[in-house]
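For reference, coords31.txt (compact mmCIF, C-alpha atoms and all ligand atoms):
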# COMPACT_ATOMS: atom_id res chain seq x y z
CA MET A 210 25.25 -32.73 -73.61
CA LYS A 211 27.90 -30.74 -75.42
CA THR A 212 26.53 -27.25 -75.87
CA LYS A 213 28.27 -24.13 -77.09
CA LYS A 214 27.34 -20.49 -76.79
CA ILE A 215 28.46 -18.41 -79.76
CA VAL A 216 28.22 -14.67 -80.33
CA ALA A 217 28.43 -13.26 -83.86
CA GLY A 218 27.52 -10.18 -85.84
CA SER A 219 24.82 -11.94 -87.87
CA MET A 220 23.02 -15.25 -88.08
CA PRO A 221 24.98 -16.50 -91.15
CA GLU A 222 28.21 -15.63 -89.37
CA ALA A 223 26.98 -17.41 -86.22
CA MET A 224 26.04 -20.50 -88.25
CA THR A 225 29.50 -20.59 -89.83
CA LYS A 226 31.10 -20.39 -86.39
CA VAL A 227 28.75 -23.06 -85.01
CA ARG A 228 29.63 -25.46 -87.87
CA HIS A 229 33.27 -24.72 -87.41
CA GLU A 230 33.13 -25.46 -83.66
CA LEU A 231 30.59 -28.34 -83.59
CA GLY A 232 30.62 -29.73 -87.12
CA GLN A 233 27.91 -30.31 -89.74
CA ASN A 234 25.49 -31.98 -87.30
CA ALA A 235 25.15 -28.93 -85.10
CA VAL A 236 21.64 -27.74 -84.22
CA ILE A 237 20.59 -24.41 -82.77
CA LEU A 238 18.76 -24.74 -79.47
CA HIS A 239 18.10 -21.08 -78.97
CA SER A 240 19.08 -17.67 -80.33
CA LYS A 241 18.66 -14.12 -79.15
CA LYS A 242 19.82 -10.60 -79.91
CA VAL A 243 22.41 -9.18 -77.47
CA GLN A 244 24.29 -5.91 -77.11
CA THR A 245 28.03 -6.19 -76.57
CA GLY A 246 30.97 -3.84 -76.00
CA GLY A 247 30.38 -0.12 -75.65
CA TRP A 248 31.51 2.43 -73.14
CA LEU A 249 29.39 3.76 -70.25
CA GLY A 250 26.36 2.28 -71.91
CA PHE A 251 27.04 3.94 -75.29
CA PHE A 252 28.20 2.53 -78.62
CA LYS A 253 27.01 -1.00 -77.89
CA LYS A 254 27.01 -3.36 -80.86
CA PRO A 255 23.90 -5.46 -81.59
CA GLN A 256 24.91 -9.11 -82.00
CA ILE A 257 23.36 -12.56 -82.26
CA GLU A 258 23.98 -15.08 -79.48
CA VAL A 259 23.19 -18.71 -80.19
CA LEU A 260 23.18 -21.83 -78.05
CA ALA A 261 24.04 -24.85 -80.16
CA THR A 262 24.59 -28.55 -79.65
CA ILE A 263 25.46 -31.58 -81.75
CA ASP A 264 22.51 -33.36 -83.29
CA PRO A 265 22.95 -37.05 -82.43
CA TYR A 266 20.49 -38.11 -85.13
CA PRO A 267 21.28 -36.00 -88.17
CA HIS A 268 19.04 -36.03 -91.24
CA VAL A 269 19.67 -39.01 -93.42
CA SER A 270 20.60 -38.32 -97.02
CA GLU A 271 17.78 -38.73 -99.54
CA LYS A 272 19.72 -41.45 -101.31
CA ARG A 273 18.86 -43.90 -98.57
CA THR A 274 16.09 -46.23 -99.66
CA LYS A 275 15.14 -48.01 -96.46
CA PRO A 276 12.60 -46.21 -94.27
CA ILE A 277 14.26 -44.79 -91.18
CA LYS A 278 12.67 -45.35 -87.80
CA GLU A 279 11.96 -42.03 -86.17
CA LYS A 280 14.00 -41.35 -83.07
CA PRO A 281 12.24 -40.18 -79.92
CA THR A 282 11.53 -36.47 -80.04
CA LEU A 283 9.88 -34.06 -77.70
CA ARG A 284 6.79 -33.82 -79.86
CA PRO A 285 3.31 -34.51 -78.48
CA THR A 286 2.22 -38.08 -78.97
CA LYS A 287 -0.68 -38.99 -81.24
CA GLY A 288 -4.06 -38.60 -79.64
CA MET A 289 -2.95 -35.87 -77.27
CA GLU A 290 -4.60 -32.64 -78.15
CA LEU A 291 -2.22 -29.69 -78.23
CA ARG A 292 -4.17 -26.55 -77.68
CA PRO A 293 -2.65 -23.09 -78.06
CA SER A 294 -2.83 -22.65 -74.30
CA THR A 295 -0.41 -25.46 -73.73
CA ALA A 296 3.27 -25.62 -73.58
CA LYS A 297 4.29 -25.00 -77.15
CA LYS A 298 3.82 -21.28 -77.13
CA HIS A 299 6.26 -20.96 -74.23
CA ALA A 300 9.18 -22.10 -76.29
CA THR A 301 8.58 -21.37 -79.90
CA GLU A 302 12.18 -20.45 -80.53
CA ILE A 303 13.57 -23.80 -79.47
CA THR A 304 14.01 -26.34 -82.23
CA TRP A 305 13.47 -29.88 -80.99
CA SER A 306 13.11 -31.62 -84.32
CA ASN A 307 16.19 -33.80 -84.06
CA GLN A 308 16.92 -33.28 -80.41
CA ALA A 309 16.73 -36.77 -78.96
CA ARG A 310 15.61 -37.09 -75.36
CA ASN A 311 18.74 -38.87 -74.22
CA GLN A 312 20.87 -35.95 -75.32
CA LEU A 313 19.19 -33.53 -72.91
CA PRO A 314 21.20 -32.37 -69.89
CA ASP A 315 21.14 -34.85 -66.98
CA TRP A 316 19.08 -32.59 -64.72
CA LEU A 317 16.45 -32.19 -67.42
CA GLN A 318 16.36 -35.92 -68.11
CA SER A 319 15.61 -36.57 -64.44
CA VAL A 320 12.86 -33.92 -64.43
CA GLU A 321 11.36 -35.58 -67.50
CA LYS A 322 11.58 -39.04 -65.92
CA ARG A 323 9.85 -37.83 -62.78
CA LEU A 324 7.05 -36.20 -64.76
CA VAL A 325 6.53 -39.43 -66.71
CA GLN A 326 6.43 -41.40 -63.43
CA ASN A 327 3.88 -38.95 -62.05
CA GLY A 328 1.53 -39.49 -64.96
CA PHE A 329 1.89 -36.17 -66.80
CA ALA A 330 0.81 -36.18 -70.47
CA SER A 331 3.57 -35.99 -73.05
CA ASP A 332 2.61 -32.54 -74.34
CA GLN A 333 2.77 -31.22 -70.80
CA ILE A 334 6.14 -32.86 -70.24
CA ASP A 335 7.38 -31.18 -73.41
CA GLY A 336 6.00 -27.89 -72.15
CA VAL A 337 7.69 -28.14 -68.76
CA CYS A 338 11.01 -29.28 -70.26
CA GLN A 339 11.06 -26.54 -72.88
CA PHE A 340 10.15 -23.96 -70.27
CA LEU A 341 12.94 -25.17 -67.95
CA LEU A 342 15.48 -25.33 -70.74
CA LYS A 343 14.65 -21.83 -71.80
CA ASN A 344 14.99 -20.54 -68.24
CA TRP A 345 18.21 -22.44 -67.80
CA TYR A 346 19.60 -20.95 -70.96
CA ASN A 347 18.73 -17.44 -69.85
CA ARG A 348 19.95 -17.83 -66.28
CA GLU A 349 22.39 -20.74 -66.40
CA LYS A 350 21.87 -21.79 -62.77
CA PRO A 351 19.59 -24.82 -62.61
CA ASP A 352 19.86 -25.69 -58.93
CA SER A 353 17.04 -27.78 -57.51
CA SER A 354 15.18 -24.98 -55.74
CA GLU A 355 15.28 -22.87 -58.88
CA LEU A 356 13.99 -25.80 -60.91
CA MET A 357 11.10 -26.24 -58.51
CA ASP A 358 10.28 -22.51 -58.75
CA TRP A 359 10.34 -22.65 -62.55
CA GLU A 360 8.06 -25.66 -62.54
CA ARG A 361 5.65 -23.83 -60.24
CA ILE A 362 5.66 -20.82 -62.58
CA TYR A 363 4.91 -23.11 -65.51
CA PHE A 364 2.05 -24.91 -63.75
CA GLU A 365 0.62 -21.67 -62.41
CA GLY A 366 0.65 -20.25 -65.93
CA GLN A 367 -1.33 -23.23 -67.20
CA LEU A 368 -3.76 -23.53 -64.30
CA GLY A 369 -4.26 -19.86 -63.51
CA LYS A 370 -6.48 -19.34 -66.56
CA ILE A 371 -9.08 -21.80 -65.28
CA PRO A 372 -11.44 -20.98 -62.39
CA HIS A 373 -11.04 -23.35 -59.45
CA GLY A 374 -12.86 -23.75 -56.15
CA PRO A 375 -16.60 -24.21 -55.55
CA ALA A 376 -18.60 -23.30 -58.66
CA LYS A 377 -21.53 -20.89 -58.77
CA LEU A 378 -22.09 -20.58 -55.07
CA GLN A 379 -25.54 -19.08 -55.66
CA HIS A 380 -26.79 -22.49 -56.76
CA LYS A 381 -28.91 -24.27 -54.27
CA ILE A 382 -28.62 -27.79 -55.69
CA VAL A 383 -25.27 -29.58 -55.66
CA VAL A 384 -24.95 -32.86 -57.59
CA LEU A 385 -22.06 -35.31 -57.42
CA VAL A 386 -21.61 -37.81 -60.23
CA GLY A 387 -18.84 -40.27 -60.91
CA PRO A 388 -17.85 -43.90 -61.08
CA THR A 389 -18.23 -46.50 -58.33
CA GLY A 390 -16.48 -46.08 -55.04
CA VAL A 391 -14.61 -42.80 -55.70
CA GLY A 392 -16.07 -41.21 -52.58
CA LYS A 393 -19.19 -39.40 -53.85
CA THR A 394 -21.35 -40.03 -50.79
CA THR A 395 -18.54 -39.31 -48.32
CA THR A 396 -17.67 -36.08 -50.17
CA LEU A 397 -21.33 -35.06 -50.27
CA ALA A 398 -21.49 -35.53 -46.49
CA LYS A 399 -18.36 -33.38 -46.09
CA LEU A 400 -19.89 -30.59 -48.19
CA ALA A 401 -23.21 -30.80 -46.33
CA ALA A 402 -21.41 -30.74 -42.98
CA ASP A 403 -19.45 -27.66 -44.03
CA ALA A 404 -22.67 -25.92 -45.13
CA THR A 405 -24.39 -26.81 -41.84
CA VAL A 406 -21.59 -26.26 -39.35
CA ASN A 407 -19.52 -23.48 -40.91
CA GLN A 408 -22.06 -21.62 -43.00
CA LYS A 409 -25.04 -22.23 -40.69
CA GLN A 410 -27.18 -23.31 -43.64
CA SER A 411 -30.11 -25.71 -43.62
CA VAL A 412 -29.56 -28.71 -45.91
CA GLY A 413 -31.40 -31.69 -47.35
CA PHE A 414 -30.32 -34.75 -49.32
CA ILE A 415 -31.77 -36.58 -52.29
CA THR A 416 -30.32 -39.92 -53.30
CA PHE A 417 -30.71 -41.72 -56.60
CA ASP A 418 -28.68 -44.63 -55.28
CA THR A 419 -31.30 -47.31 -55.03
CA TYR A 420 -28.99 -49.99 -56.46
CA ARG A 421 -26.41 -50.65 -53.80
CA ILE A 422 -27.48 -52.37 -50.59
CA GLY A 423 -26.83 -49.99 -47.74
CA ALA A 424 -26.45 -46.89 -49.91
CA ILE A 425 -29.60 -45.21 -48.56
CA GLU A 426 -28.66 -46.12 -44.98
CA GLN A 427 -25.20 -44.65 -45.52
CA LEU A 428 -26.71 -41.30 -46.48
CA LYS A 429 -29.40 -41.49 -43.78
CA THR A 430 -26.68 -41.85 -41.16
CA TYR A 431 -25.15 -38.58 -42.34
CA GLY A 432 -28.65 -37.06 -42.50
CA GLU A 433 -29.28 -37.96 -38.87
CA ILE A 434 -25.95 -36.55 -37.72
CA LEU A 435 -26.63 -33.29 -39.55
CA ASP A 436 -30.34 -33.27 -38.73
CA ALA A 437 -31.09 -33.13 -42.47
CA PRO A 438 -33.92 -34.90 -44.32
CA VAL A 439 -32.99 -37.60 -46.86
CA MET A 440 -35.33 -38.24 -49.81
CA VAL A 441 -35.05 -41.24 -52.10
CA ALA A 442 -35.81 -40.76 -55.81
CA TYR A 443 -36.58 -43.61 -58.20
CA SER A 444 -37.82 -41.46 -61.10
CA PRO A 445 -37.58 -37.88 -62.44
CA GLU A 446 -41.03 -37.23 -60.91
CA ASP A 447 -39.69 -38.27 -57.49
CA VAL A 448 -36.86 -35.75 -57.94
CA THR A 449 -39.33 -32.94 -58.68
CA GLN A 450 -41.40 -33.87 -55.61
CA ALA A 451 -38.35 -34.15 -53.38
CA LEU A 452 -37.09 -30.74 -54.52
CA GLU A 453 -40.51 -29.28 -53.77
CA LYS A 454 -40.38 -30.73 -50.25
CA LEU A 455 -36.91 -29.35 -49.73
CA LYS A 456 -37.64 -25.94 -51.20
CA ASP A 457 -37.07 -24.16 -47.89
CA LYS A 458 -33.57 -25.57 -47.48
CA ASP A 459 -30.57 -23.40 -48.25
CA LYS A 460 -28.80 -26.26 -50.01
CA VAL A 461 -29.89 -29.59 -51.48
CA PHE A 462 -27.23 -32.25 -52.06
CA ILE A 463 -27.95 -34.96 -54.62
CA ASP A 464 -26.11 -38.27 -54.34
CA THR A 465 -26.03 -40.48 -57.41
CA ALA A 466 -25.42 -44.18 -57.73
CA GLY A 467 -21.99 -45.52 -58.42
CA ARG A 468 -22.51 -47.70 -61.45
CA ASN A 469 -20.53 -48.86 -64.38
CA TYR A 470 -20.71 -45.75 -66.48
CA ARG A 471 -18.94 -47.45 -69.33
CA GLU A 472 -22.45 -48.55 -70.15
CA GLU A 473 -24.02 -45.61 -71.95
CA GLY A 474 -27.53 -46.48 -70.79
CA PHE A 475 -26.62 -45.69 -67.17
CA VAL A 476 -25.45 -42.17 -68.03
CA GLU A 477 -28.62 -41.52 -70.04
CA GLU A 478 -30.76 -42.79 -67.18
CA LEU A 479 -28.86 -40.54 -64.78
CA SER A 480 -29.14 -37.47 -67.00
CA ARG A 481 -32.93 -37.91 -67.17
CA MET A 482 -33.09 -37.84 -63.37
CA LEU A 483 -31.05 -34.67 -62.90
CA PRO A 484 -32.67 -31.24 -62.45
CA ASP A 485 -32.19 -28.62 -65.17
CA GLU A 486 -28.54 -27.69 -65.49
CA LYS A 487 -29.34 -24.03 -64.78
CA GLU A 488 -30.62 -24.99 -61.36
CA CYS A 489 -27.69 -27.02 -60.13
CA VAL A 490 -23.96 -27.24 -59.96
CA THR A 491 -22.59 -30.64 -60.95
CA TYR A 492 -19.22 -31.99 -59.94
CA LEU A 493 -17.57 -34.99 -61.56
CA VAL A 494 -15.82 -36.92 -58.80
CA LEU A 495 -12.61 -38.69 -59.77
CA SER A 496 -10.13 -40.55 -57.62
CA LEU A 497 -6.52 -39.34 -57.77
CA THR A 498 -5.51 -42.99 -57.64
CA SER A 499 -6.88 -43.51 -61.18
CA LYS A 500 -4.72 -43.41 -64.28
CA HIS A 501 -5.14 -40.60 -66.79
CA ASP A 502 -6.62 -42.90 -69.46
CA ASP A 503 -9.26 -44.15 -67.03
CA MET A 504 -10.13 -40.63 -65.93
CA GLU A 505 -10.41 -39.59 -69.56
CA GLN A 506 -12.69 -42.52 -70.34
CA ILE A 507 -14.93 -41.64 -67.40
CA TYR A 508 -15.01 -37.98 -68.46
CA GLN A 509 -15.98 -38.96 -72.00
CA ASN A 510 -18.71 -41.25 -70.74
CA PHE A 511 -20.18 -38.48 -68.59
CA ARG A 512 -20.17 -35.92 -71.39
CA LYS A 513 -23.95 -36.05 -71.73
CA ILE A 514 -24.18 -34.40 -68.33
CA PRO A 515 -23.01 -30.77 -68.05
CA ILE A 516 -20.12 -30.79 -65.59
CA ASN A 517 -19.08 -27.58 -63.82
CA ARG A 518 -15.90 -28.70 -62.09
CA PHE A 519 -13.94 -31.73 -60.97
CA ILE A 520 -13.62 -33.01 -57.43
CA PHE A 521 -10.52 -35.14 -56.90
CA THR A 522 -10.59 -37.60 -54.00
CA LYS A 523 -8.12 -39.84 -52.15
CA LYS A 524 -5.13 -37.53 -52.28
CA ASP A 525 -3.93 -39.40 -49.19
CA GLU A 526 -3.60 -42.59 -51.22
CA THR A 527 -1.20 -41.35 -53.91
CA SER A 528 1.67 -38.98 -54.58
CA SER A 529 1.24 -38.74 -58.35
CA TYR A 530 -0.91 -35.87 -59.49
CA GLY A 531 -0.02 -35.69 -63.19
CA ALA A 532 -3.31 -37.25 -64.30
CA MET A 533 -5.25 -34.56 -62.44
CA PHE A 534 -3.22 -31.87 -64.17
CA ASN A 535 -3.76 -33.48 -67.58
CA MET A 536 -7.52 -33.58 -67.08
CA VAL A 537 -7.79 -30.00 -65.88
CA ASP A 538 -5.60 -28.65 -68.65
CA LYS A 539 -7.05 -30.77 -71.42
CA HIS A 540 -10.68 -29.96 -70.62
CA GLN A 541 -10.08 -26.49 -69.16
CA LEU A 542 -12.27 -27.48 -66.25
CA GLY A 543 -11.34 -26.35 -62.76
CA VAL A 544 -10.96 -28.30 -59.53
CA ALA A 545 -13.61 -27.48 -56.94
CA TYR A 546 -12.26 -29.57 -54.07
CA VAL A 547 -9.64 -32.13 -53.20
CA THR A 548 -10.32 -34.70 -50.48
CA MET A 549 -7.66 -36.45 -48.49
CA GLY A 550 -9.21 -38.98 -46.13
CA GLN A 551 -12.32 -40.68 -44.83
CA ASP A 552 -13.07 -38.30 -41.99
CA VAL A 553 -16.22 -36.22 -42.33
CA PRO A 554 -16.15 -33.23 -42.40
CA GLU A 555 -12.48 -32.35 -42.10
CA ASP A 556 -10.79 -34.24 -44.96
CA ILE A 557 -11.66 -31.82 -47.76
CA VAL A 558 -10.24 -28.51 -49.00
CA SER A 559 -11.57 -26.16 -51.63
CA SER A 560 -9.08 -25.69 -54.42
CA SER A 561 -7.25 -22.72 -55.89
CA THR A 562 -4.52 -22.32 -58.49
CA LYS A 563 -2.02 -22.10 -55.65
CA SER A 564 -3.21 -25.22 -53.85
CA ILE A 565 -3.12 -27.29 -57.03
CA THR A 566 0.29 -25.94 -58.02
CA ASN A 567 1.55 -26.91 -54.57
CA LEU A 568 0.11 -30.37 -55.02
CA LEU A 569 1.91 -30.79 -58.33
CA ALA A 570 5.14 -29.60 -56.76
CA GLN A 571 4.65 -32.22 -54.05
CA SER A 572 4.73 -34.95 -56.70
CA ARG A 573 8.45 -34.43 -56.92
CA LYS A 574 9.03 -35.53 -53.33
CA LEU A 575 8.38 -39.12 -54.25
CA TYR A 576 10.91 -39.26 -57.05
CA GLY A 577 12.97 -36.07 -56.79
N1 LIG A 601 -8.50 -42.67 -48.38
C1 LIG A 601 -9.62 -42.04 -48.72
N2 LIG A 601 -10.77 -42.70 -48.73
C2 LIG A 601 -11.88 -42.04 -49.07
C3 LIG A 601 -11.88 -40.68 -49.43
N3 LIG A 601 -13.15 -40.33 -49.73
C4 LIG A 601 -13.89 -41.43 -49.57
N4 LIG A 601 -13.15 -42.46 -49.17
C5 LIG A 601 -13.56 -43.85 -48.89
O1 LIG A 601 -13.87 -44.49 -50.11
C6 LIG A 601 -14.86 -45.48 -49.88
C7 LIG A 601 -16.01 -45.25 -50.84
O2 LIG A 601 -16.62 -44.02 -50.47
P1 LIG A 601 -18.12 -43.67 -50.88
O3 LIG A 601 -18.35 -42.27 -50.42
O4 LIG A 601 -19.06 -44.70 -50.42
O5 LIG A 601 -17.95 -43.73 -52.45
P2 LIG A 601 -19.10 -43.61 -53.52
O6 LIG A 601 -18.50 -42.98 -54.72
O7 LIG A 601 -20.28 -42.94 -52.95
O8 LIG A 601 -19.37 -45.14 -53.79
P3 LIG A 601 -20.62 -45.76 -54.58
O9 LIG A 601 -21.83 -45.03 -54.12
O10 LIG A 601 -20.61 -47.21 -54.21
O11 LIG A 601 -20.31 -45.55 -56.01
C8 LIG A 601 -15.26 -45.35 -48.42
O12 LIG A 601 -14.56 -46.31 -47.68
C9 LIG A 601 -14.80 -43.95 -48.04
O13 LIG A 601 -14.52 -43.81 -46.67
C10 LIG A 601 -10.62 -39.98 -49.41
O14 LIG A 601 -10.50 -38.79 -49.70
N5 LIG A 601 -9.54 -40.73 -49.04
MG MG A 602 -22.26 -43.57 -52.81
Give the structure from this file in structure tokens form.
Amino acid sequence: MKTKKIVAGSMPEAMTKVRHELGQNAVILHSKKVQTGGWLGFFKKPQIEVLATIDPYPHVSEKRTKPIKEKPTLRPTKGMELRPSTAKKHATEITWSNQARNQLPDWLQSVEKRLVQNGFASDQIDGVCQFLLKNWYNREKPDSSELMDWERIYFEGQLGKIPHGPAKLQHKIVVLVGPTGVGKTTTLAKLAADATVNQKQSVGFITFDTYRIGAIEQLKTYGEILDAPVMVAYSPEDVTQALEKLKDKDKVFIDTAGRNYREEGFVEELSRMLPDEKECVTYLVLSLTSKHDDMEQIYQNFRKIPINRFIFTKKDETSSYGAMFNMVDKHQLGVAYVTMGQDVPEDIVSSSTKSITNLLAQSRKLYG
């Protein structure tokens, strides 16, 4: 990309110089006030410094009658919500309007490509790229370790506003909901094992999973290992009775059935079974191997149930974590835990801004 840095006494003067150097199709990428000249720090002159490039897709004259197909821009795509917390506010000074993607510097194009491959949403990709471009402009040294640091800063800025890790620890009842086969029961066993072994708590299980053959046995096996009672609930009344029986336990873990939650009736049935939201903490379990659109669909289908945090499973089966980031940022819902294998209890870690940022930085290893 042909870029030019120009310093002038005023913006009109800078624009004249830019047009003279780069022609009529020049666009300003960035501008800032600078102090130049002077002696021993005195008598410095305030000036305008602009970074400009040539617009490869200049505005078409109004005389043209045929509709012009819009060239790719770094704007968010339709359907993607752009909240004030997201990228845009980081780079308000940069004008992207006619800045086609393929005219970005090579290093930025490869960052963008990698983010696309890792499943990041387009508004987030815009945010990262604008943030990097702005840093690059200010520092002018985009080596790979610096780029990685800048990306970390960006992700930390986005994720740091959302609480992560186990939610409301004072809650006695922990409920896991989610689609079929994401690892709800295995994760529940990991959490119960941690409570028993590391926190020396007494635990009990309730399962609503009366649909899948072997589901109750699966939980009973964990119950036996942990010396914890397992209650089976077929109705909301059963849940009340089971909770009464387990009232002396420090923690009660509720396992729910993996069913096709695209069918609204299943979610309604499930929400009728759950204890009052004030009494429990509910995690929506999603597999990191799912695509963003699928995760979003699942999230929307579970909206009837108040969700406190996400749990992301199967980190060991993928290296793309963009979809996780999209979900967390879009819904401003934190990550309680990430699981990374089938072994109970060890393959689980509680999350923090730092651990998730590190995970996102790891995405680059696959494509970087
Ligand atoms: N690789 C990997 N496998 C996992 C992880 N967590 C669970 N699994 C495996 O995923 C499979 C399904 O796990 P379950 O715990 O039965 O999943 P579920 O969500 O309870 O399934 P349903 O009750 O049928 O909806 C099992 O083979 C688990 O061992 C993980 O973090 N990584
Ligand atoms: Mg299960």
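When atom CA of Ala442 of chain A is paired with atom CA of Pro484 of chain A, their separation reads 12.0 Å.
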Taking a cut-off of 10 Å and counting all atoms listed in the file, can you build a table that, for each residue of segment 396-424 of chain A near segment 377-387 of chain A, reports the nearest atom pair and how far apart they are in Å (one decimal), sorted by chain then residue number, as a Markdown table?
| residue | atom | partner | partner_atom | distance |
| --- | --- | --- | --- | --- |
| A:Thr396 | CA | A:Leu385 | CA | 8.5 |
| A:Leu397 | CA | A:Leu385 | CA | 7.2 |
| A:Leu400 | CA | A:Val383 | CA | 9.3 |
| A:Ala401 | CA | A:Val383 | CA | 9.6 |
| A:Val412 | CA | A:Lys381 | CA | 9.5 |
| A:Gly413 | CA | A:Ile382 | CA | 9.6 |
| A:Phe414 | CA | A:Ile382 | CA | 9.6 |
| A:Ile415 | CA | A:Val384 | CA | 9.4 |
| A:Thr416 | CA | A:Val384 | CA | 9.9 |
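Atom CA of Arg421 of chain A lies 16.2 Å from atom CA of Val439 of chain A.
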Near-ligand residues for ligand LIG 601 (chain A), threshold 6 Å, all atoms listed in the file, as a PyMOL selection string: chain A and resi 388-395+466-467+522-523+525-526+548-551
Would you put the residues from that selection into a file with C-alpha atoms, as a compact mmCIF listing (two decimals), in the coordinates of the input?
# COMPACT_ATOMS: atom_id res chain seq x y z
CA PRO A 388 -17.85 -43.90 -61.08
CA THR A 389 -18.23 -46.50 -58.33
CA GLY A 390 -16.48 -46.08 -55.04
CA VAL A 391 -14.61 -42.80 -55.70
CA GLY A 392 -16.07 -41.21 -52.58
CA LYS A 393 -19.19 -39.40 -53.85
CA THR A 394 -21.35 -40.03 -50.79
CA THR A 395 -18.54 -39.31 -48.32
CA ALA A 466 -25.42 -44.18 -57.73
CA GLY A 467 -21.99 -45.52 -58.42
CA THR A 522 -10.59 -37.60 -54.00
CA LYS A 523 -8.12 -39.84 -52.15
CA ASP A 525 -3.93 -39.40 -49.19
CA GLU A 526 -3.60 -42.59 -51.22
CA THR A 548 -10.32 -34.70 -50.48
CA MET A 549 -7.66 -36.45 -48.49
CA GLY A 550 -9.21 -38.98 -46.13
CA GLN A 551 -12.32 -40.68 -44.83
Go ahead and find all residues with at least one atom no further than 12 Å from (2.7, -45.5, -66.8) in the file's coordinates, using only C-alpha atoms; report them as a short mmCIF file (atom, residue, chain, number, x, y, z; two decimals) with C-alpha atoms, in the coordinates of the input.
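Resulting contents of point-v1.cif:
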data_model
loop_
_atom_site.label_atom_id
_atom_site.label_comp_id
_atom_site.auth_asym_id
_atom_site.auth_seq_id
_atom_site.Cartn_x
_atom_site.Cartn_y
_atom_site.Cartn_z
CA LYS A 322 11.58 -39.04 -65.92
CA ARG A 323 9.85 -37.83 -62.78
CA LEU A 324 7.05 -36.20 -64.76
CA VAL A 325 6.53 -39.43 -66.71
CA GLN A 326 6.43 -41.40 -63.43
CA ASN A 327 3.88 -38.95 -62.05
CA GLY A 328 1.53 -39.49 -64.96
CA PHE A 329 1.89 -36.17 -66.80
CA ALA A 330 0.81 -36.18 -70.47
CA SER A 331 3.57 -35.99 -73.05
CA SER A 499 -6.88 -43.51 -61.18
CA LYS A 500 -4.72 -43.41 -64.28
CA HIS A 501 -5.14 -40.60 -66.79
CA ASP A 502 -6.62 -42.90 -69.46
CA SER A 529 1.24 -38.74 -58.35
CA GLY A 531 -0.02 -35.69 -63.19
CA ALA A 532 -3.31 -37.25 -64.30
#
Using all atoms listed in the file, find the one residue out of A:Leu569, A:Met504, A:Val448, A:Ala398 that sits nearest to ligand MG 602 (chain A). A:Ala398
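Comparing the minimum interatomic distances between Ser496 of chain A and each of A:Val547, A:Met482, A:Ala404, A:Ser561, counting all atoms listed in the file, we find that A:Val547 sits nearest.
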Quick one: residues within 10 Å of Lys454 of chain A, only C-alpha atoms counted, chain neighbours fewer than 4 positions away excluded, as a short mmCIF file (atom, residue, chain, number, x, y, z; two decimals) with C-alpha atoms, keeping the file's coordinate frame?
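Saved file result_11.cif follows:
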data_model
loop_
_atom_site.label_atom_id
_atom_site.label_comp_id
_atom_site.auth_asym_id
_atom_site.auth_seq_id
_atom_site.Cartn_x
_atom_site.Cartn_y
_atom_site.Cartn_z
CA GLY A 413 -31.40 -31.69 -47.35
CA PRO A 438 -33.92 -34.90 -44.32
CA MET A 440 -35.33 -38.24 -49.81
CA VAL A 448 -36.86 -35.75 -57.94
CA THR A 449 -39.33 -32.94 -58.68
CA GLN A 450 -41.40 -33.87 -55.61
CA LYS A 458 -33.57 -25.57 -47.48
#
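When atom CA of Val227 of chain A is paired with atom CA of Gln339 of chain A, their separation reads 21.7 Å.
Using only C-alpha atoms and all ligand atoms, the nearest neighbour of ligand MG 602 (chain A) within the list A:Ala424, A:Met357, A:Leu493, A:Ile362 is A:Ala424.
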Calculated over all atoms listed in the file, which of the candidates A:Arg361, A:Lys254, A:Lys370, A:Lys343 has the smallest distance to Ser219 of chain A? A:Lys254
Compare A:Lys487, A:His229, A:Lys429, A:Arg512 by their minimum atom-to-atom distance to ligand MG 602 (chain A), counting only C-alpha atoms and all ligand atoms, and give me the closest one. A:Lys429
